[in-house]
Number of protein chains: 2
Amino acid sequence: MPGMDDQRPGFALPLLLLAAFHALVDELHERLVAVGHPDARPAHGFALQAIGPVGVTTSELGRRLGVTKQAAAKTVAALERLGYVATGPAPADGRAHLVRRTARGEELLALSAEIFAALRAEWAARLGERRMAQIEDDLDRIGGGRRLSSGGQMPAW
Amino acid sequence: MPGMDDQRPGFALPLLLLAAFHALVDELHERLVAVGHPDARPAHGFALQAIGPVGVTTSELGRRLGVTKQAAAKTVAALERLGYVATGPAPADGRAHLVRRTARGEELLALSAEIFAALRAEWAARLGERRMAQIEDDLDRIGGGRRLSSGGQMPAW
DNA sequence: GCGGTGTAGACAACCTGGTTGTCTAACCCT
DNA sequence: AGGGTTAGACAACCAGGTTGTCTACACCGC
């Protein structure tokens with residue numbers, strides 16, 4: 001990046017992490033478009049994953065993703081509009097709605113998993129499986145135990 | 001993350017990258033608050049860095065950050081409101097405004113660099129300097145040559 | 001069986017960091 | 001002088017979050 005080439009070491013790391021994340025996610029979505037999911041967004045895959053095979057309520061989804069239930073509700077609304085989930089009444093709780101993945105939702109998730117696995121394999125081929133695994137280990141130790149969202153006044157990223 | 005513990009390998013990597021990035025940035029801002037910069041936001045540091053010691057125009061800043069000039073203009077407006085940059089006429093171009101860092105802007109940048117360096121050192125202490133450097137190398141090879149923003153229809157992160 | 005507390009969800013307003021699209025003014029080149 | 005390109009302003013919009021308020025139902029103790 002021009003204007004940043006005199007970076008002190010510490011400054012580079014966040015940029016590298018973000019760039020790698022972006023590289024991964026951009027590539028995922030390019031490939032998803034090609035297999036018939038042009039409207040899938042990054043948040044969708046993670047949400048579908050968090051919904052799980054049995055389904056969840058909106059509040060529980062929010063808890064799993066580490067965001068407010070309102071934010072989760074927006075995501076669910078978007079997923080429902082796109083046909084990735086369907087909602088119905090929750091058994092034994094008159095307040096709750098159960099959010100479940102549709103067949104198309106399952107498909108998106110399977111495709112995403114496939115593509116992510118392929119991308120990881122491509123990286124591993126370039127870096128070596130050992131280093132790849134090491135990176136994952138190290139990142140886990142470092143950023144471990146965090147939720148996706150940082151709560152409070154943090155920005156969208 | 002509950003509900004995600006049956007992740008296929010590929011799915012974990014983006015999450016790990018994002019979590020590590022977040023860990024870094026959240027910690028940076030916690031510490032910045034403590035040294036008198038409560039309103040600094042993640043984008044500010046990166047923008048100040050991209051502005052460079054001589055100053056840039058808004059359009060050029062946008063180009064450097066890989067975002068539209070309108071987005072850059074918003075960032076500049078925020079930075080100016082917070083006293084981190086000042087704008088003046090550009091020599092030899094009647095259309096352009098030159099955006100320059102103020103003393104406070106320089107201070108924020110210096111503090112950020114210091115804190116990032118400290119955080120990197122903390123990680124390096126836990127992982128070993130060799131592995132730390134390896135991660136940076138590998139990430140560079142992997143996400144290399146990317147801009148911060150992905151353009152198009154990508155989300156905020 | 002009732003009352004109080006807690007939780008699910010809806011609704012509204014707002015924020016941040018982006019995006020298009022349109023427009024003016026200035027620059028630059030022929 | 002005129003035509004294309006560029007800098008910047010302004011407006012509308014979007015995604016993904018936040019807070020805060022409100023209703024309806026659940027659950028627990030008495």
# chains A, B, ... in the order shown; residues from 1 in each chain; ligands from 1
call {"tool": "interface_residues", "arguments": {"of": "chain D", "to": "chain A", "cutoff": "9 Å", "atoms": "only C-alpha atoms (C1' of nucleotides)", "output": "PyMOL selection string"}}
result
chain D and resi 16-18+24-26
call {"tool": "write_last_selection", "arguments": {"atoms": "N, CA and C atoms (P, O5', C5', C4', C3', O3' and C1' of nucleotides)", "output": "compact mmCIF listing (two decimals), in the first residue's frame"}}
result
# COMPACT_ATOMS: atom_id res chain seq x y z
P DG D 16 -24.72 -7.86 5.80
O5' DG D 16 -24.39 -7.34 7.26
C5' DG D 16 -23.05 -6.97 7.56
C4' DG D 16 -23.04 -6.24 8.87
C3' DG D 16 -23.76 -7.00 10.00
O3' DG D 16 -22.85 -7.13 11.07
C1' DG D 16 -24.38 -4.75 9.96
P DG D 17 -22.94 -8.30 12.17
O5' DG D 17 -22.75 -7.47 13.52
C5' DG D 17 -23.84 -6.89 14.20
C4' DG D 17 -23.50 -5.46 14.55
C3' DG D 17 -24.23 -4.92 15.79
O3' DG D 17 -23.53 -5.30 16.96
C1' DG D 17 -24.29 -3.33 14.04
P DT D 18 -24.33 -5.52 18.32
O5' DT D 18 -24.65 -4.03 18.79
C5' DT D 18 -23.58 -3.14 19.10
C4' DT D 18 -24.16 -1.74 19.32
C3' DT D 18 -25.21 -1.66 20.42
O3' DT D 18 -24.57 -1.39 21.66
C1' DT D 18 -25.92 -0.47 18.49
P DA D 24 -49.89 -7.24 24.08
O5' DA D 24 -49.20 -8.67 24.12
C5' DA D 24 -48.69 -9.23 22.92
C4' DA D 24 -47.91 -10.49 23.27
C3' DA D 24 -48.70 -11.46 24.16
O3' DA D 24 -48.47 -12.77 23.67
C1' DA D 24 -46.64 -10.93 25.17
P DC D 25 -49.58 -13.89 24.03
O5' DC D 25 -48.71 -14.93 24.85
C5' DC D 25 -47.61 -15.53 24.19
C4' DC D 25 -46.54 -15.76 25.21
C3' DC D 25 -46.91 -16.82 26.23
O3' DC D 25 -46.18 -17.99 25.90
C1' DC D 25 -45.66 -15.01 27.17
P DA D 26 -46.23 -19.30 26.83
O5' DA D 26 -45.10 -18.94 27.89
C5' DA D 26 -43.77 -18.79 27.41
C4' DA D 26 -42.78 -19.01 28.53
C3' DA D 26 -43.10 -20.17 29.43
O3' DA D 26 -41.86 -20.78 29.73
C1' DA D 26 -43.06 -18.16 30.70
call {"tool": "calpha_fit_and_write", "arguments": {"fixed": "chain B", "moving": "chain A", "output": "short mmCIF file (atom, residue, chain, number, x, y, z; two decimals) with N, CA and C atoms, in the first residue's frame"}}
result
data_model
loop_
_atom_site.label_atom_id
_atom_site.label_comp_id
_atom_site.auth_asym_id
_atom_site.auth_seq_id
_atom_site.Cartn_x
_atom_site.Cartn_y
_atom_site.Cartn_z
N MET A 1 -16.89 -20.91 20.17
CA MET A 1 -18.26 -20.41 19.91
C MET A 1 -19.27 -21.56 19.91
N PRO A 2 -20.24 -21.50 20.76
CA PRO A 2 -21.21 -22.60 20.83
C PRO A 2 -21.93 -22.76 19.50
N GLY A 3 -22.24 -23.97 19.16
CA GLY A 3 -22.93 -24.21 17.90
C GLY A 3 -21.99 -24.30 16.73
N MET A 4 -20.70 -24.03 16.98
CA MET A 4 -19.75 -24.06 15.88
C MET A 4 -18.65 -25.09 16.13
N ASP A 5 -18.82 -25.89 17.12
CA ASP A 5 -17.73 -26.75 17.52
C ASP A 5 -17.55 -27.95 16.59
N ASP A 6 -18.49 -28.14 15.64
CA ASP A 6 -18.31 -29.22 14.68
C ASP A 6 -17.80 -28.69 13.36
N GLN A 7 -17.01 -27.61 13.45
CA GLN A 7 -16.50 -26.99 12.24
C GLN A 7 -15.63 -27.91 11.42
N ARG A 8 -15.83 -27.87 10.12
CA ARG A 8 -14.86 -28.49 9.24
C ARG A 8 -13.65 -27.58 9.21
N PRO A 9 -12.48 -28.11 9.04
CA PRO A 9 -11.25 -27.32 9.14
C PRO A 9 -11.30 -25.98 8.43
N GLY A 10 -11.76 -25.98 7.18
CA GLY A 10 -11.73 -24.75 6.40
C GLY A 10 -12.52 -23.61 7.01
N PHE A 11 -13.55 -23.97 7.72
CA PHE A 11 -14.42 -22.95 8.30
C PHE A 11 -13.75 -22.18 9.42
N ALA A 12 -12.79 -22.78 10.05
CA ALA A 12 -12.18 -22.15 11.22
C ALA A 12 -11.26 -20.99 10.86
N LEU A 13 -10.59 -21.13 9.74
CA LEU A 13 -9.55 -20.18 9.41
C LEU A 13 -10.03 -18.73 9.33
N PRO A 14 -11.09 -18.45 8.57
CA PRO A 14 -11.54 -17.05 8.53
C PRO A 14 -11.90 -16.53 9.92
N LEU A 15 -12.52 -17.38 10.71
CA LEU A 15 -12.89 -16.97 12.05
C LEU A 15 -11.66 -16.64 12.88
N LEU A 16 -10.65 -17.45 12.74
CA LEU A 16 -9.42 -17.21 13.49
C LEU A 16 -8.76 -15.90 13.08
N LEU A 17 -8.74 -15.68 11.78
CA LEU A 17 -8.12 -14.46 11.28
C LEU A 17 -8.86 -13.24 11.79
N LEU A 18 -10.18 -13.32 11.72
CA LEU A 18 -10.98 -12.18 12.16
C LEU A 18 -10.85 -11.97 13.65
N ALA A 19 -10.85 -13.06 14.40
CA ALA A 19 -10.74 -12.95 15.85
C ALA A 19 -9.40 -12.34 16.24
N ALA A 20 -8.35 -12.74 15.55
CA ALA A 20 -7.03 -12.20 15.87
C ALA A 20 -6.98 -10.72 15.54
N PHE A 21 -7.51 -10.37 14.40
CA PHE A 21 -7.56 -8.96 14.03
C PHE A 21 -8.30 -8.15 15.07
N HIS A 22 -9.46 -8.66 15.45
CA HIS A 22 -10.28 -7.97 16.43
C HIS A 22 -9.57 -7.84 17.77
N ALA A 23 -8.91 -8.92 18.17
CA ALA A 23 -8.21 -8.90 19.44
C ALA A 23 -7.20 -7.75 19.45
N LEU A 24 -6.49 -7.65 18.35
CA LEU A 24 -5.47 -6.62 18.21
C LEU A 24 -6.07 -5.22 18.27
N VAL A 25 -7.09 -5.02 17.47
CA VAL A 25 -7.65 -3.69 17.33
C VAL A 25 -8.41 -3.26 18.59
N ASP A 26 -9.12 -4.19 19.19
CA ASP A 26 -9.83 -3.86 20.42
C ASP A 26 -8.86 -3.43 21.50
N GLU A 27 -7.80 -4.21 21.61
CA GLU A 27 -6.81 -3.93 22.64
C GLU A 27 -6.15 -2.58 22.38
N LEU A 28 -5.84 -2.32 21.12
CA LEU A 28 -5.28 -1.01 20.76
C LEU A 28 -6.16 0.11 21.27
N HIS A 29 -7.45 -0.01 21.01
CA HIS A 29 -8.33 1.10 21.35
C HIS A 29 -8.58 1.23 22.83
N GLU A 30 -8.55 0.09 23.51
CA GLU A 30 -8.62 0.19 24.97
C GLU A 30 -7.45 1.01 25.50
N ARG A 31 -6.29 0.71 24.96
CA ARG A 31 -5.11 1.41 25.46
C ARG A 31 -5.07 2.87 25.02
N LEU A 32 -5.59 3.13 23.82
CA LEU A 32 -5.62 4.52 23.35
C LEU A 32 -6.53 5.37 24.22
N VAL A 33 -7.65 4.79 24.64
CA VAL A 33 -8.55 5.52 25.53
C VAL A 33 -7.79 5.95 26.78
N ALA A 34 -6.96 5.03 27.26
CA ALA A 34 -6.24 5.28 28.50
C ALA A 34 -5.18 6.37 28.36
N VAL A 35 -4.76 6.66 27.14
CA VAL A 35 -3.75 7.71 26.98
C VAL A 35 -4.32 8.94 26.30
N GLY A 36 -5.64 9.12 26.44
CA GLY A 36 -6.22 10.39 26.02
C GLY A 36 -6.75 10.46 24.60
N HIS A 37 -7.02 9.31 23.99
CA HIS A 37 -7.62 9.33 22.66
C HIS A 37 -8.88 8.48 22.62
N PRO A 38 -9.91 8.92 23.35
CA PRO A 38 -11.11 8.10 23.46
C PRO A 38 -11.92 8.00 22.17
N ASP A 39 -11.74 8.96 21.28
CA ASP A 39 -12.58 8.98 20.09
C ASP A 39 -11.89 8.41 18.86
N ALA A 40 -10.69 7.95 19.01
CA ALA A 40 -9.98 7.37 17.87
C ALA A 40 -10.67 6.09 17.44
N ARG A 41 -10.79 5.90 16.15
CA ARG A 41 -11.41 4.70 15.63
C ARG A 41 -10.41 3.96 14.75
N PRO A 42 -10.66 2.69 14.53
CA PRO A 42 -9.70 1.90 13.78
C PRO A 42 -9.33 2.55 12.45
N ALA A 43 -10.33 3.02 11.74
CA ALA A 43 -10.07 3.59 10.43
C ALA A 43 -9.15 4.80 10.52
N HIS A 44 -9.18 5.50 11.64
CA HIS A 44 -8.41 6.73 11.76
C HIS A 44 -6.91 6.48 11.68
N GLY A 45 -6.47 5.48 12.41
CA GLY A 45 -5.05 5.17 12.40
C GLY A 45 -4.57 4.83 11.01
N PHE A 46 -5.32 3.99 10.32
CA PHE A 46 -4.90 3.59 8.99
C PHE A 46 -4.91 4.77 8.05
N ALA A 47 -5.92 5.63 8.17
CA ALA A 47 -5.99 6.80 7.31
C ALA A 47 -4.82 7.74 7.60
N LEU A 48 -4.55 7.99 8.86
CA LEU A 48 -3.44 8.88 9.21
C LEU A 48 -2.13 8.35 8.65
N GLN A 49 -1.97 7.05 8.75
CA GLN A 49 -0.77 6.43 8.21
C GLN A 49 -0.68 6.68 6.71
N ALA A 50 -1.82 6.53 6.04
CA ALA A 50 -1.83 6.69 4.58
C ALA A 50 -1.64 8.15 4.17
N ILE A 51 -1.99 9.06 5.04
CA ILE A 51 -1.84 10.48 4.70
C ILE A 51 -0.37 10.83 4.54
N GLY A 52 0.45 10.21 5.36
CA GLY A 52 1.89 10.42 5.22
C GLY A 52 2.34 11.76 5.78
N PRO A 53 3.62 11.96 5.85
CA PRO A 53 4.15 13.16 6.49
C PRO A 53 3.91 14.45 5.69
N VAL A 54 3.78 14.34 4.38
CA VAL A 54 3.61 15.56 3.59
C VAL A 54 2.17 15.97 3.36
N GLY A 55 1.25 15.03 3.51
CA GLY A 55 -0.14 15.34 3.24
C GLY A 55 -0.57 14.86 1.87
N VAL A 56 -1.86 14.70 1.71
CA VAL A 56 -2.42 14.23 0.43
C VAL A 56 -3.73 14.95 0.16
N THR A 57 -4.21 14.79 -1.03
CA THR A 57 -5.57 15.24 -1.33
C THR A 57 -6.52 14.11 -0.97
N THR A 58 -7.79 14.43 -0.88
CA THR A 58 -8.79 13.44 -0.52
C THR A 58 -8.85 12.31 -1.54
N SER A 59 -8.81 12.67 -2.80
CA SER A 59 -8.89 11.65 -3.84
C SER A 59 -7.72 10.69 -3.77
N GLU A 60 -6.55 11.27 -3.58
CA GLU A 60 -5.34 10.44 -3.49
C GLU A 60 -5.42 9.52 -2.26
N LEU A 61 -5.94 10.04 -1.18
CA LEU A 61 -6.11 9.23 0.02
C LEU A 61 -7.01 8.05 -0.26
N GLY A 62 -8.13 8.33 -0.95
CA GLY A 62 -9.02 7.25 -1.33
C GLY A 62 -8.30 6.19 -2.13
N ARG A 63 -7.50 6.62 -3.07
CA ARG A 63 -6.75 5.68 -3.90
C ARG A 63 -5.82 4.84 -3.04
N ARG A 64 -5.14 5.49 -2.12
CA ARG A 64 -4.20 4.75 -1.28
C ARG A 64 -4.91 3.73 -0.40
N LEU A 65 -6.07 4.09 0.08
CA LEU A 65 -6.78 3.18 0.97
C LEU A 65 -7.61 2.17 0.20
N GLY A 66 -7.73 2.38 -1.11
CA GLY A 66 -8.52 1.45 -1.89
C GLY A 66 -10.02 1.66 -1.72
N VAL A 67 -10.42 2.87 -1.40
CA VAL A 67 -11.85 3.17 -1.29
C VAL A 67 -12.17 4.36 -2.21
N THR A 68 -13.44 4.66 -2.35
CA THR A 68 -13.83 5.78 -3.19
C THR A 68 -13.43 7.11 -2.53
N LYS A 69 -13.37 8.12 -3.33
CA LYS A 69 -13.01 9.43 -2.78
C LYS A 69 -14.08 9.94 -1.83
N GLN A 70 -15.33 9.53 -2.06
CA GLN A 70 -16.40 9.94 -1.15
C GLN A 70 -16.19 9.35 0.23
N ALA A 71 -15.82 8.08 0.26
CA ALA A 71 -15.55 7.43 1.54
C ALA A 71 -14.37 8.11 2.22
N ALA A 72 -13.34 8.41 1.44
CA ALA A 72 -12.17 9.09 1.99
C ALA A 72 -12.56 10.45 2.55
N ALA A 73 -13.46 11.13 1.83
CA ALA A 73 -13.90 12.46 2.28
C ALA A 73 -14.59 12.36 3.64
N LYS A 74 -15.38 11.33 3.83
CA LYS A 74 -16.05 11.15 5.12
C LYS A 74 -15.04 10.94 6.23
N THR A 75 -14.06 10.12 5.95
CA THR A 75 -13.03 9.86 6.95
C THR A 75 -12.28 11.14 7.28
N VAL A 76 -11.93 11.90 6.25
CA VAL A 76 -11.22 13.16 6.48
C VAL A 76 -12.07 14.10 7.32
N ALA A 77 -13.36 14.15 7.03
CA ALA A 77 -14.25 15.02 7.80
C ALA A 77 -14.22 14.63 9.28
N ALA A 78 -14.28 13.32 9.53
CA ALA A 78 -14.26 12.85 10.91
C ALA A 78 -12.93 13.19 11.57
N LEU A 79 -11.85 12.98 10.86
CA LEU A 79 -10.52 13.26 11.41
C LEU A 79 -10.36 14.75 11.71
N GLU A 80 -10.94 15.56 10.83
CA GLU A 80 -10.82 17.00 11.03
C GLU A 80 -11.63 17.43 12.25
N ARG A 81 -12.82 16.88 12.37
CA ARG A 81 -13.67 17.19 13.51
C ARG A 81 -12.97 16.85 14.82
N LEU A 82 -12.18 15.79 14.81
CA LEU A 82 -11.49 15.36 16.02
C LEU A 82 -10.13 16.03 16.20
N GLY A 83 -9.76 16.85 15.22
CA GLY A 83 -8.50 17.57 15.37
C GLY A 83 -7.27 16.78 14.98
N TYR A 84 -7.44 15.70 14.26
CA TYR A 84 -6.29 14.88 13.88
C TYR A 84 -5.66 15.33 12.57
N VAL A 85 -6.43 16.00 11.75
CA VAL A 85 -5.88 16.55 10.51
C VAL A 85 -6.40 17.97 10.32
N ALA A 86 -5.73 18.72 9.48
CA ALA A 86 -6.19 20.04 9.07
C ALA A 86 -6.09 20.10 7.56
N THR A 87 -6.99 20.84 6.95
CA THR A 87 -6.92 20.93 5.50
C THR A 87 -6.64 22.36 5.09
N GLY A 88 -5.97 22.50 3.98
CA GLY A 88 -5.69 23.82 3.43
C GLY A 88 -5.68 23.71 1.93
N PRO A 89 -5.53 24.81 1.25
CA PRO A 89 -5.50 24.76 -0.21
C PRO A 89 -4.23 24.05 -0.68
N ALA A 90 -4.34 23.38 -1.80
CA ALA A 90 -3.19 22.69 -2.35
C ALA A 90 -2.44 23.65 -3.26
N PRO A 91 -1.13 23.69 -3.12
CA PRO A 91 -0.37 24.55 -4.01
C PRO A 91 -0.48 24.05 -5.44
N ALA A 92 -0.68 24.97 -6.35
CA ALA A 92 -0.66 24.64 -7.77
C ALA A 92 -1.80 23.75 -8.22
N ASP A 93 -2.88 23.73 -7.45
CA ASP A 93 -4.10 23.09 -7.95
C ASP A 93 -5.30 23.69 -7.24
N GLY A 94 -6.00 24.50 -7.93
CA GLY A 94 -7.11 25.24 -7.35
C GLY A 94 -8.29 24.40 -6.94
N ARG A 95 -8.33 23.16 -7.45
CA ARG A 95 -9.46 22.32 -7.08
C ARG A 95 -9.20 21.62 -5.76
N ALA A 96 -7.95 21.22 -5.57
CA ALA A 96 -7.63 20.29 -4.49
C ALA A 96 -7.44 20.98 -3.14
N HIS A 97 -7.73 20.22 -2.08
CA HIS A 97 -7.39 20.62 -0.72
C HIS A 97 -6.31 19.64 -0.25
N LEU A 98 -5.35 20.18 0.45
CA LEU A 98 -4.33 19.30 0.99
C LEU A 98 -4.69 18.94 2.44
N VAL A 99 -4.71 17.66 2.72
CA VAL A 99 -5.01 17.17 4.06
C VAL A 99 -3.69 16.85 4.75
N ARG A 100 -3.46 17.49 5.88
CA ARG A 100 -2.21 17.26 6.63
C ARG A 100 -2.51 16.85 8.06
N ARG A 101 -1.61 16.03 8.60
CA ARG A 101 -1.77 15.63 10.00
C ARG A 101 -1.43 16.80 10.91
N THR A 102 -2.17 16.93 11.99
CA THR A 102 -1.83 17.92 13.02
C THR A 102 -0.86 17.27 14.00
N ALA A 103 -0.40 18.06 14.96
CA ALA A 103 0.48 17.51 16.00
C ALA A 103 -0.24 16.39 16.74
N ARG A 104 -1.53 16.61 17.00
CA ARG A 104 -2.31 15.57 17.68
C ARG A 104 -2.43 14.31 16.82
N GLY A 105 -2.53 14.52 15.53
CA GLY A 105 -2.58 13.38 14.62
C GLY A 105 -1.27 12.60 14.66
N GLU A 106 -0.19 13.32 14.66
CA GLU A 106 1.12 12.66 14.75
C GLU A 106 1.23 11.89 16.05
N GLU A 107 0.70 12.50 17.11
CA GLU A 107 0.76 11.85 18.41
C GLU A 107 -0.03 10.54 18.40
N LEU A 108 -1.25 10.61 17.86
CA LEU A 108 -2.07 9.40 17.80
C LEU A 108 -1.35 8.29 17.03
N LEU A 109 -0.75 8.70 15.93
CA LEU A 109 -0.06 7.73 15.10
C LEU A 109 1.12 7.11 15.83
N ALA A 110 1.87 7.96 16.52
CA ALA A 110 3.04 7.46 17.26
C ALA A 110 2.58 6.50 18.36
N LEU A 111 1.52 6.89 19.08
CA LEU A 111 1.01 6.04 20.14
C LEU A 111 0.51 4.71 19.58
N SER A 112 -0.20 4.78 18.47
CA SER A 112 -0.72 3.55 17.86
C SER A 112 0.42 2.63 17.47
N ALA A 113 1.44 3.22 16.86
CA ALA A 113 2.59 2.41 16.43
C ALA A 113 3.24 1.75 17.63
N GLU A 114 3.38 2.53 18.69
CA GLU A 114 3.96 2.02 19.92
C GLU A 114 3.15 0.85 20.48
N ILE A 115 1.85 1.06 20.54
CA ILE A 115 0.98 0.04 21.13
C ILE A 115 0.96 -1.21 20.26
N PHE A 116 0.85 -1.00 18.96
CA PHE A 116 0.87 -2.16 18.05
C PHE A 116 2.18 -2.94 18.22
N ALA A 117 3.26 -2.19 18.32
CA ALA A 117 4.55 -2.85 18.49
C ALA A 117 4.58 -3.63 19.79
N ALA A 118 4.00 -3.04 20.84
CA ALA A 118 3.97 -3.71 22.14
C ALA A 118 3.14 -4.98 22.07
N LEU A 119 1.99 -4.88 21.38
CA LEU A 119 1.11 -6.05 21.27
C LEU A 119 1.81 -7.16 20.47
N ARG A 120 2.43 -6.74 19.40
CA ARG A 120 3.16 -7.73 18.61
C ARG A 120 4.24 -8.39 19.46
N ALA A 121 4.90 -7.59 20.27
CA ALA A 121 5.95 -8.13 21.13
C ALA A 121 5.36 -9.13 22.13
N GLU A 122 4.18 -8.82 22.65
CA GLU A 122 3.54 -9.74 23.60
C GLU A 122 3.24 -11.08 22.93
N TRP A 123 2.73 -10.99 21.73
CA TRP A 123 2.44 -12.23 21.00
C TRP A 123 3.72 -12.98 20.70
N ALA A 124 4.70 -12.21 20.27
CA ALA A 124 5.97 -12.84 19.91
C ALA A 124 6.59 -13.53 21.13
N ALA A 125 6.36 -12.95 22.29
CA ALA A 125 6.90 -13.55 23.51
C ALA A 125 6.25 -14.90 23.78
N ARG A 126 4.99 -15.00 23.41
CA ARG A 126 4.28 -16.26 23.66
C ARG A 126 4.55 -17.29 22.58
N LEU A 127 4.74 -16.82 21.35
CA LEU A 127 4.86 -17.76 20.24
C LEU A 127 6.30 -17.98 19.82
N GLY A 128 7.12 -17.06 20.20
CA GLY A 128 8.48 -17.08 19.69
C GLY A 128 8.59 -16.16 18.49
N GLU A 129 9.68 -15.43 18.44
CA GLU A 129 9.86 -14.46 17.36
C GLU A 129 9.88 -15.14 16.00
N ARG A 130 10.43 -16.33 15.96
CA ARG A 130 10.53 -17.00 14.67
C ARG A 130 9.17 -17.30 14.08
N ARG A 131 8.30 -17.86 14.92
CA ARG A 131 6.96 -18.18 14.42
C ARG A 131 6.16 -16.94 14.10
N MET A 132 6.36 -15.92 14.91
CA MET A 132 5.69 -14.65 14.65
C MET A 132 6.05 -14.15 13.26
N ALA A 133 7.33 -14.13 12.97
CA ALA A 133 7.79 -13.64 11.68
C ALA A 133 7.27 -14.54 10.56
N GLN A 134 7.18 -15.82 10.86
CA GLN A 134 6.69 -16.77 9.87
C GLN A 134 5.23 -16.50 9.53
N ILE A 135 4.46 -16.24 10.58
CA ILE A 135 3.05 -15.92 10.35
C ILE A 135 2.93 -14.72 9.42
N GLU A 136 3.70 -13.68 9.72
CA GLU A 136 3.63 -12.48 8.89
C GLU A 136 4.02 -12.78 7.45
N ASP A 137 5.06 -13.52 7.30
CA ASP A 137 5.48 -13.92 5.95
C ASP A 137 4.38 -14.66 5.22
N ASP A 138 3.84 -15.65 5.92
CA ASP A 138 2.84 -16.50 5.28
C ASP A 138 1.59 -15.72 4.93
N LEU A 139 1.17 -14.88 5.85
CA LEU A 139 -0.03 -14.08 5.58
C LEU A 139 0.22 -13.17 4.39
N ASP A 140 1.41 -12.66 4.31
CA ASP A 140 1.76 -11.78 3.22
C ASP A 140 1.67 -12.52 1.89
N ARG A 141 2.18 -13.72 1.87
CA ARG A 141 2.14 -14.51 0.64
C ARG A 141 0.70 -14.86 0.25
N ILE A 142 -0.12 -15.01 1.26
CA ILE A 142 -1.47 -15.50 1.05
C ILE A 142 -2.46 -14.41 0.66
N GLY A 143 -2.49 -13.38 1.46
CA GLY A 143 -3.46 -12.32 1.18
C GLY A 143 -2.80 -11.19 0.43
N GLY A 144 -1.62 -11.45 -0.06
CA GLY A 144 -0.78 -10.41 -0.61
C GLY A 144 -1.39 -9.61 -1.74
N GLY A 145 -0.95 -8.38 -1.84
CA GLY A 145 -1.36 -7.54 -2.95
C GLY A 145 -2.81 -7.09 -2.92
N ARG A 146 -3.43 -7.22 -1.78
CA ARG A 146 -4.83 -6.79 -1.68
C ARG A 146 -4.95 -5.40 -1.12
N ARG A 147 -6.02 -4.78 -1.45
CA ARG A 147 -6.36 -3.53 -0.81
C ARG A 147 -7.24 -3.82 0.40
N LEU A 148 -7.40 -2.81 1.23
CA LEU A 148 -8.21 -2.99 2.42
C LEU A 148 -9.65 -3.30 2.07
N SER A 149 -10.19 -2.44 1.24
CA SER A 149 -11.59 -2.62 0.86
C SER A 149 -11.65 -3.52 -0.35
N SER A 150 -12.73 -4.24 -0.47
CA SER A 150 -12.84 -5.17 -1.57
C SER A 150 -13.66 -4.60 -2.71
N GLY A 151 -14.13 -3.38 -2.55
CA GLY A 151 -14.92 -2.77 -3.60
C GLY A 151 -16.22 -3.50 -3.81
N GLY A 152 -16.92 -3.15 -4.82
CA GLY A 152 -18.16 -3.83 -5.18
C GLY A 152 -19.15 -3.89 -4.04
N GLN A 153 -19.78 -5.04 -3.92
CA GLN A 153 -20.89 -5.15 -2.98
C GLN A 153 -20.50 -5.77 -1.65
N MET A 154 -19.22 -5.75 -1.34
CA MET A 154 -18.79 -6.40 -0.11
C MET A 154 -19.22 -5.61 1.12
N PRO A 155 -19.39 -6.30 2.21
CA PRO A 155 -19.85 -5.68 3.43
C PRO A 155 -18.74 -4.88 4.10
N ALA A 156 -19.09 -4.33 5.23
CA ALA A 156 -18.20 -3.41 5.91
C ALA A 156 -16.90 -4.05 6.36
N TRP A 157 -16.90 -5.29 6.71
CA TRP A 157 -15.66 -5.90 7.16
C TRP A 157 -14.80 -6.19 5.98
#
call {"tool": "closest_atom_pairs", "arguments": {"of": "chain C", "to": "chain A", "cutoff": "10 Å", "atoms": "only C-alpha atoms (C1' of nucleotides)", "output": "tab-separated table"}}
result
residue	atom	partner	partner_atom	distance
C:DT7	C1'	A:Arg95	CA	8.9
C:DA8	C1'	A:Arg95	CA	5.4
C:DG9	C1'	A:Arg95	CA	7.2
C:DA10	C1'	A:Gln70	CA	9.1
C:DC15	C1'	A:Pro155	CA	8.9
C:DT16	C1'	A:Pro155	CA	5.9
C:DG17	C1'	A:Ala156	CA	7.3
call {"tool": "write_last_selection", "arguments": {"atoms": "C-alpha atoms (C1' of nucleotides)", "output": "CSV table (one decimal), in the first residue's frame"}}
result
chain,number,residue,atom,x,y,z
C,7,DT,C1',-37.1,-13.4,28.5
C,8,DA,C1',-38.6,-13.5,23.2
C,9,DG,C1',-39.4,-10.7,19.9
C,10,DA,C1',-40.9,-6.3,17.4
C,15,DC,C1',-24.0,5.0,14.1
C,16,DT,C1',-20.0,3.7,11.1
C,17,DG,C1',-17.9,2.8,7.1
call {"tool": "atom_distance", "arguments": {"atom1": "atom C1' of DC13 of chain D", "atom2": "atom C1' of DC14 of chain C"}}
result
15.4 Å
call {"tool": "select_by_dssp", "arguments": {"residues": "segment 22-155 of chain B", "states": "alpha helix (DSSP H)", "output": "number ranges by chain"}}
result
B: 22-34, 42-51, 58-65, 69-81, 103-127, 129-143
